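Asker: input-v8.csv is the file, holding CSV, N, CA, C and O atoms:
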chain,number,residue,atom,x,y,z
X,1,MET,N,-21.5,2.3,33.3
X,1,MET,CA,-21.8,2.3,31.9
X,1,MET,C,-22.4,1.0,31.4
X,1,MET,O,-22.0,0.4,30.4
X,2,SER,N,-23.3,0.4,32.2
X,2,SER,CA,-23.9,-0.8,31.8
X,2,SER,C,-25.0,-0.7,30.8
X,2,SER,O,-25.3,-1.6,30.1
X,3,GLU,N,-25.6,0.5,30.7
X,3,GLU,CA,-26.6,0.7,29.7
X,3,GLU,C,-26.0,1.1,28.4
X,3,GLU,O,-25.1,1.9,28.3
X,4,PRO,N,-26.6,0.6,27.3
X,4,PRO,CA,-26.1,1.0,25.9
X,4,PRO,C,-26.3,2.5,25.7
X,4,PRO,O,-27.3,3.0,26.2
X,5,ILE,N,-25.4,3.1,25.0
X,5,ILE,CA,-25.6,4.5,24.7
X,5,ILE,C,-26.7,4.7,23.6
X,5,ILE,O,-26.7,4.0,22.6
X,6,GLN,N,-27.6,5.6,23.9
X,6,GLN,CA,-28.8,5.8,23.0
X,6,GLN,C,-28.5,7.0,22.1
X,6,GLN,O,-27.8,7.9,22.4
X,7,LEU,N,-29.0,6.9,20.9
X,7,LEU,CA,-28.9,8.0,19.9
X,7,LEU,C,-29.9,9.1,20.3
X,7,LEU,O,-31.0,8.8,20.7
X,8,THR,N,-29.5,10.3,20.0
X,8,THR,CA,-30.5,11.4,20.2
X,8,THR,C,-31.5,11.4,19.1
X,8,THR,O,-31.3,10.7,18.0
X,9,LEU,N,-32.6,12.1,19.2
X,9,LEU,CA,-33.6,12.1,18.1
X,9,LEU,C,-33.0,12.6,16.8
X,9,LEU,O,-33.2,12.1,15.7
X,10,GLU,N,-32.2,13.7,17.0
X,10,GLU,CA,-31.5,14.2,15.8
X,10,GLU,C,-30.6,13.2,15.1
X,10,GLU,O,-30.5,13.1,13.9
X,11,GLN,N,-29.8,12.4,15.9
X,11,GLN,CA,-29.0,11.4,15.4
X,11,GLN,C,-29.8,10.3,14.7
X,11,GLN,O,-29.3,9.8,13.7
X,12,GLN,N,-30.9,9.9,15.3
X,12,GLN,CA,-31.7,8.9,14.7
X,12,GLN,C,-32.2,9.4,13.3
X,12,GLN,O,-32.3,8.6,12.4
X,13,PHE,N,-32.6,10.7,13.2
X,13,PHE,CA,-33.1,11.2,12.0
X,13,PHE,C,-32.0,11.2,10.9
X,13,PHE,O,-32.2,10.9,9.8
X,14,SER,N,-30.8,11.6,11.4
X,14,SER,CA,-29.6,11.6,10.5
X,14,SER,C,-29.3,10.2,10.0
X,14,SER,O,-29.0,10.0,8.8
X,15,LEU,N,-29.4,9.2,10.9
X,15,LEU,CA,-29.1,7.8,10.5
X,15,LEU,C,-30.2,7.4,9.5
X,15,LEU,O,-29.8,6.7,8.5
X,16,ARG,N,-31.4,7.7,9.7
X,16,ARG,CA,-32.5,7.3,8.7
X,16,ARG,C,-32.2,8.0,7.4
X,16,ARG,O,-32.4,7.3,6.3
X,17,SER,N,-31.8,9.2,7.4
X,17,SER,CA,-31.5,9.9,6.1
X,17,SER,C,-30.3,9.3,5.4
X,17,SER,O,-30.3,9.1,4.2
X,18,PHE,N,-29.3,8.9,6.2
X,18,PHE,CA,-28.1,8.2,5.6
X,18,PHE,C,-28.6,6.8,5.0
X,18,PHE,O,-28.1,6.5,3.9
X,19,GLU,N,-29.4,6.1,5.7
X,19,GLU,CA,-29.9,4.8,5.2
X,19,GLU,C,-30.6,5.0,3.8
X,19,GLU,O,-30.3,4.2,2.9
X,20,THR,N,-31.3,6.1,3.7
X,20,THR,CA,-32.0,6.3,2.4
X,20,THR,C,-31.0,6.6,1.3
X,20,THR,O,-31.1,6.1,0.2
X,21,GLN,N,-30.0,7.4,1.6
X,21,GLN,CA,-28.9,7.8,0.6
X,21,GLN,C,-28.2,6.5,0.2
X,21,GLN,O,-27.9,6.3,-1.0
X,22,VAL,N,-27.8,5.7,1.1
X,22,VAL,CA,-27.1,4.4,0.8
X,22,VAL,C,-27.9,3.5,0.0
X,22,VAL,O,-27.4,2.9,-0.9
X,23,ALA,N,-29.2,3.4,0.3
X,23,ALA,CA,-30.1,2.5,-0.5
X,23,ALA,C,-30.2,2.9,-1.9
X,23,ALA,O,-30.4,2.0,-2.8
X,24,ASN,N,-29.9,4.2,-2.2
X,24,ASN,CA,-30.0,4.6,-3.6
X,24,ASN,C,-28.7,4.6,-4.3
X,24,ASN,O,-28.6,5.0,-5.5
X,25,MET,N,-27.6,4.1,-3.7
X,25,MET,CA,-26.3,4.0,-4.3
X,25,MET,C,-26.2,2.8,-5.1
X,25,MET,O,-26.7,1.7,-4.8
X,26,SER,N,-25.3,2.9,-6.1
X,26,SER,CA,-25.0,1.6,-6.9
X,26,SER,C,-23.9,0.9,-6.0
X,26,SER,O,-23.4,1.4,-5.0
X,27,ARG,N,-23.7,-0.4,-6.3
X,27,ARG,CA,-22.7,-1.1,-5.6
X,27,ARG,C,-21.3,-0.5,-5.6
X,27,ARG,O,-20.7,-0.4,-4.6
X,28,GLU,N,-20.9,0.0,-6.8
X,28,GLU,CA,-19.6,0.7,-6.9
X,28,GLU,C,-19.5,1.9,-6.0
X,28,GLU,O,-18.6,2.2,-5.4
X,29,GLN,N,-20.6,2.7,-6.1
X,29,GLN,CA,-20.7,3.9,-5.2
X,29,GLN,C,-20.6,3.6,-3.7
X,29,GLN,O,-19.9,4.2,-3.0
X,30,ALA,N,-21.3,2.6,-3.3
X,30,ALA,CA,-21.3,2.2,-1.9
X,30,ALA,C,-19.9,1.7,-1.5
X,30,ALA,O,-19.5,2.0,-0.4
X,31,GLN,N,-19.3,0.9,-2.4
X,31,GLN,CA,-17.9,0.4,-2.0
X,31,GLN,C,-16.9,1.6,-1.9
X,31,GLN,O,-16.1,1.6,-1.0
X,32,ASP,N,-17.0,2.5,-2.8
X,32,ASP,CA,-16.1,3.7,-2.8
X,32,ASP,C,-16.4,4.5,-1.5
X,32,ASP,O,-15.5,4.9,-0.8
X,33,PHE,N,-17.7,4.6,-1.2
X,33,PHE,CA,-18.1,5.4,0.0
X,33,PHE,C,-17.5,4.7,1.3
X,33,PHE,O,-17.0,5.4,2.2
X,34,LEU,N,-17.6,3.4,1.3
X,34,LEU,CA,-17.2,2.7,2.5
X,34,LEU,C,-15.7,2.8,2.7
X,34,LEU,O,-15.2,3.0,3.8
X,35,VAL,N,-14.9,2.8,1.6
X,35,VAL,CA,-13.5,3.0,1.7
X,35,VAL,C,-13.1,4.4,2.3
X,35,VAL,O,-12.3,4.6,3.2
X,36,LYS,N,-13.8,5.4,1.8
X,36,LYS,CA,-13.6,6.8,2.2
X,36,LYS,C,-14.1,6.9,3.7
X,36,LYS,O,-13.4,7.6,4.5
X,37,LEU,N,-15.2,6.3,4.1
X,37,LEU,CA,-15.6,6.4,5.4
X,37,LEU,C,-14.6,5.7,6.4
X,37,LEU,O,-14.3,6.3,7.5
X,38,TYR,N,-14.1,4.6,6.0
X,38,TYR,CA,-13.1,3.9,6.8
X,38,TYR,C,-11.8,4.8,7.0
X,38,TYR,O,-11.3,4.9,8.1
X,39,GLU,N,-11.4,5.4,5.9
X,39,GLU,CA,-10.3,6.3,6.0
X,39,GLU,C,-10.5,7.4,7.0
X,39,GLU,O,-9.7,7.8,7.8
X,40,GLN,N,-11.7,8.0,7.0
X,40,GLN,CA,-12.1,9.1,7.9
X,40,GLN,C,-12.1,8.6,9.3
X,40,GLN,O,-11.7,9.3,10.3
X,41,MET,N,-12.5,7.3,9.5
X,41,MET,CA,-12.5,6.7,10.9
X,41,MET,C,-11.1,6.6,11.4
X,41,MET,O,-10.8,6.9,12.6
X,42,ILE,N,-10.2,6.2,10.5
X,42,ILE,CA,-8.8,6.0,10.9
X,42,ILE,C,-8.2,7.4,11.3
X,42,ILE,O,-7.5,7.6,12.3
X,43,VAL,N,-8.5,8.4,10.5
X,43,VAL,CA,-8.0,9.8,10.7
X,43,VAL,C,-8.5,10.3,12.0
X,43,VAL,O,-7.8,10.8,12.9
X,44,ARG,N,-9.8,10.1,12.3
X,44,ARG,CA,-10.4,10.5,13.6
X,44,ARG,C,-9.7,9.8,14.7
X,44,ARG,O,-9.4,10.4,15.8
X,45,GLU,N,-9.5,8.5,14.6
X,45,GLU,CA,-8.8,7.8,15.7
X,45,GLU,C,-7.5,8.4,16.0
X,45,GLU,O,-7.1,8.5,17.1
X,46,ASN,N,-6.7,8.7,14.9
X,46,ASN,CA,-5.4,9.3,15.1
X,46,ASN,C,-5.5,10.6,15.8
X,46,ASN,O,-4.6,11.0,16.6
X,47,MET,N,-6.5,11.4,15.4
X,47,MET,CA,-6.7,12.7,16.0
X,47,MET,C,-7.0,12.6,17.5
X,47,MET,O,-6.4,13.3,18.3
X,48,TYR,N,-7.8,11.6,17.9
X,48,TYR,CA,-8.1,11.4,19.3
X,48,TYR,C,-6.9,11.0,20.0
X,48,TYR,O,-6.6,11.4,21.1
X,49,LYS,N,-6.1,10.1,19.5
X,49,LYS,CA,-4.8,9.6,20.1
X,49,LYS,C,-3.9,10.8,20.4
X,49,LYS,O,-3.3,11.0,21.4
X,50,GLU,N,-3.8,11.7,19.4
X,50,GLU,CA,-2.9,12.9,19.5
X,50,GLU,C,-3.4,13.8,20.5
X,50,GLU,O,-2.7,14.4,21.4
X,51,PHE,N,-4.7,14.0,20.6
X,51,PHE,CA,-5.4,14.9,21.5
X,51,PHE,C,-5.2,14.4,22.9
X,51,PHE,O,-4.8,15.1,23.8
X,52,ILE,N,-5.4,13.1,23.1
X,52,ILE,CA,-5.2,12.5,24.5
X,52,ILE,C,-3.7,12.6,24.9
X,52,ILE,O,-3.4,12.9,26.0
X,53,LYS,N,-2.8,12.3,24.0
X,53,LYS,CA,-1.4,12.4,24.3
X,53,LYS,C,-1.0,13.9,24.8
X,53,LYS,O,-0.3,14.1,25.8
X,54,HIS,N,-1.6,14.8,24.0
X,54,HIS,CA,-1.3,16.2,24.4
X,54,HIS,C,-2.0,16.6,25.7
X,54,HIS,O,-1.3,17.2,26.6
X,55,GLN,N,-3.2,16.2,26.0
X,55,GLN,CA,-3.9,16.5,27.2
X,55,GLN,C,-3.3,15.8,28.4
X,55,GLN,O,-3.3,16.4,29.5
X,56,TRP,N,-2.7,14.6,28.2
X,56,TRP,CA,-2.1,13.9,29.4
X,56,TRP,C,-0.6,14.2,29.5
X,56,TRP,O,0.0,13.6,30.3
X,57,GLY,N,-0.1,15.0,28.6
X,57,GLY,CA,1.3,15.4,28.7
X,57,GLY,C,2.2,14.2,28.3
X,57,GLY,O,3.3,14.1,28.9
X,58,LEU,N,1.8,13.4,27.4
X,58,LEU,CA,2.6,12.3,27.0
X,58,LEU,C,3.5,12.5,25.8
X,58,LEU,O,4.1,11.6,25.3
X,59,GLU,N,3.4,13.7,25.3
X,59,GLU,CA,4.2,14.1,24.1
X,59,GLU,C,5.7,14.2,24.4
X,59,GLU,O,6.0,14.7,25.5
X,60,PRO,N,6.6,13.7,23.6
X,60,PRO,CA,8.0,13.8,23.9
X,60,PRO,C,8.5,15.3,23.9
X,60,PRO,O,7.9,16.1,23.2
X,61,SER,N,9.4,15.6,24.8
X,61,SER,CA,9.9,16.9,24.9
X,61,SER,C,10.8,17.2,23.7
X,61,SER,O,11.6,16.4,23.2
X,62,VAL,N,10.7,18.4,23.1
X,62,VAL,CA,11.5,18.8,21.9
X,62,VAL,C,12.6,19.7,22.3
X,62,VAL,O,12.5,20.5,23.1
Take the structure I supplied and represent it as structure tokens, if you would.
Answerer:
Amino acid sequence: MSEPIQLTLEQQFSLRSFETQVANMSREQAQDFLVKLYEQMIVRENMYKEFIKHQWGLEPSV
């Protein structure tokens, strides 16, 4: 895994579209958006952790 992971063409297009949307936001809109984005990142991380625990059989027995 020495090479950096490259974005697909579709992901590059999506990123460019996102850049355009952000450029048109007010400062307040951008700040609100960043807080919501960070919240989604935390939720996704928690979902990954739970998925891995489940897949690896690390969940406590009930």
Asker: Would you compute the distance between atom C of Gln21 (chain X) and atom O of Leu9 (chain X)? Give it in Å to one decimal.
Answerer: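 Result for atom C of Gln21 (chain X) versus atom O of Leu9 (chain X): 17.2 Å, one decimal.
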Asker: Quick check, in Å to one decimal: how far apart do CA of Val43 (chain X) and CA of Leu58 (chain X) lie?
Answerer: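 One can read the CA of Val43 (chain X) to CA of Leu58 (chain X) distance as 19.6 Å.
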Asker: Using DSSP secondary structure from the backbone, list all alpha helix (DSSP H) positions within chain X, as a count of residues only.
Answerer: 44
Asker: What separation in Å, quoted to one decimal, exists between CA of Met47 (chain X) and CA of Ala30 (chain X)?
Answerer: 25.4 Å
